[in-house]
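Data block below; observations after.
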Amino acid sequence: AATGRPVDEEVSSDSEPEGPSLGRRRRREAAEEEVEETPQEKKLRLAKLYLEELRQHEEERRAEEEEEESLPADLIGDRLKEDVLEQKGRLQRLVAKDVQPPDPASIRVLRGHQLPVTCLVISPDDRFIFSASKDGSLIKCKWEVESGKRLCVVPGGKKGTEERHMGHASHILCMAISSDGKYLATGDRNKLIMIWDAATCKRLHIFTGHRDAVSGLSFQKGTHQLYSASHDRCVKVWNVAENAYMETLFGHQDVITGLDSLSRECCVTSGGRDGTVRLWKIPEESQLVFCGHQGSIDCIQLINEEHMVSGADDGSVALWGLTKKKPLALARQAHGMQDAQGLQQPYWISAVAALRNSDLLATGSHSASVKLWKCGEGFRKLEPLWDIPLVGFVNSLKFSAVGDFLVAGIGQEHRLGRWWRIKEAKNSICIIPLKRKAAPASPEAPDSS
């Protein structure tokens, strides 16, 4: 570790004061370690580096695609415009209209977990799937169309064996991978966060300090800063590369059930039965509160830097803009109604996923299907597209970075409890190929509007 701590040492948020000045102090110390230069010099240096990276990237792409004559005139300018739109949350690739209904026979099922799959992530290059389960095991599967074989398995252990046992000793509830694919983080019901080398599945650190189950994890895009959320109702900030705790934020009135983040130094959380979604601004140590669901808000994901989607046990799916306190769109009974002990109740929404910077969403429940949705009219409308048959509780959903497949983590039980069991379900990872309609051939340039 950069701080001189030995690998796999336990780091606790209790070992240092949790005052609001701690995070600021750490950021100031990090800034002082940088080479002394004026703000203008730093901006110029970073801009030159960024432009050089863009030039190299476009040159590599040009060599690979061998399109010497048909390349656009200003690739770097187009890429810069796209990056600006992405940062402002205005980049929206309109792909939903071209997605074809997936063939159920093409869905690949990966078996290996003994108990319900609770969470999964896909590596940034779309080559690996990491999944975890209530059995405490962590499985790394390599994404290959032909094999889908398991590359690495870290088995779960018994409670109290975390020090001598490499894996978790209780239900794993959440996981996250850094945008460079270097670090994997997993959180469990026993209040622990474990940091892994994603390439080797070797455990590097254990983070402690949460006072209840760790239910949400997310790396800030482009950094090794990790956000964690817990049933203890707080959000903690960690620096994984430096093996360091940064600060703790409070606000939710009930257990936090989910968390997500993108490039900005902020994260969003779903607050269970307190009925709120919250946006946490880390540098300002402030939060924005959003209300709209009637039940427990169980899952959340950012679509881009300005919009997010959430799901609740009242059966509703909500689209939010980060500047509005109420949902921009709300689909009630999104997965229909069920007959539970003689009462008509909506199917709970147990997982949501967004193809980043696009208009394509996916939602999961235990309604025997995953649903694909289109965000229409500037995120003010939710239009159902297709139903994909999958039996069991859909506890986790993730799109590949390119959007050519969707991965679902399936369990016989809900990831947060054991209210009831779907016996015919298989505890598994399901890989759903997503095909798009072929664009019609035309000599004219495509309409970018």
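By order in the structure tokens, chains are A, B, ...; within a chain, residues start at 1; ligands start at 1, following the order shown.
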Enumerate the residues of range 292-356 of chain A with a DSSP assignment of strand (DSSP E), computed from the backbone, and present them as a ChimeraX atom specification. /A:297-302,307-312,317-321,329-331,337-340,343-346,351-354
Excluding range 231-235 of chain A and its own-chain neighbours fewer than 6 positions away, which residues fall within 10 Å of it when counting only C-alpha atoms? Please give them as number ranges by chain. A: 189, 191, 210-217, 247-259, 267-269, 271-272, 280
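In this comparison, which uses only C-alpha atoms, the residue of A:Val99, A:Leu262, A:Val309, A:Val402 approaching Arg127 in chain A most closely is A:Val402.
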Nearest to Asp126 in chain A, chosen from A:Leu49, A:Val289, A:Ala401, A:Leu279, with only C-alpha atoms counted in the distances: A:Ala401
Gap from CA of Ala96 in chain A to CA of Leu397 in chain A - Å, one decimal: 16.8 Å
Identify which of the residues A:Glu284, A:Lys140, A:Met175, A:His293 lies closest to Ala199 in chain A, counting only C-alpha atoms when measuring atom-to-atom distances. A:Lys140
I want to know what sits within 9 Å of Val11 in chain A, based on only C-alpha atoms, with residues of the same chain fewer than 4 positions away left out; could you give that as a ChimeraX atom specification? /A:15,205-209,243-245
Go ahead and write the residues just picked, C-alpha atoms, as an mmCIF file, in the first residue's frame.
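Contents of again.cif, freshly written:
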```cif
data_model
loop_
_atom_site.group_PDB
_atom_site.id
_atom_site.type_symbol
_atom_site.label_atom_id
_atom_site.label_comp_id
_atom_site.auth_asym_id
_atom_site.auth_seq_id
_atom_site.Cartn_x
_atom_site.Cartn_y
_atom_site.Cartn_z
ATOM 1 C CA SER A 15 -9.698 4.431 14.226
ATOM 2 C CA HIS A 205 -7.545 -5.058 2.512
ATOM 3 C CA ILE A 206 -10.476 -5.287 4.919
ATOM 4 C CA PHE A 207 -12.332 -2.051 5.705
ATOM 5 C CA THR A 208 -14.326 -1.909 8.946
ATOM 6 C CA GLY A 209 -16.366 0.783 10.673
ATOM 7 C CA ASN A 243 -5.814 1.996 1.995
ATOM 8 C CA ALA A 244 -7.413 4.899 3.873
ATOM 9 C CA TYR A 245 -10.747 5.953 5.381
#
```
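In this structure, CA of Asn395 in chain A sits 17.4 Å away from CA of Leu355 in chain A.
Nearest to Pro389 in chain A of all the residues A:Met308, A:Lys221, A:Ser228, A:Ser106 is A:Ser106, based on only C-alpha atoms.
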For Gly321 in chain A, find every residue with an atom within 12 Å (counting only C-alpha atoms), except residues of its own chain fewer than 4 positions away, and show them as a ChimeraX atom specification. /A:89-90,268,277-279,288-291,302-310,325-329,378-380
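For the choices A:Gln287, A:Gln341, A:Gln92, A:Ser137, the atom-to-atom distance to Val117 in chain A is smallest for A:Ser137 when using only C-alpha atoms.
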Which value, in Å to one decimal, gives the distance between CA of Lys202 in chain A and CA of Leu138 in chain A? 11.1 Å
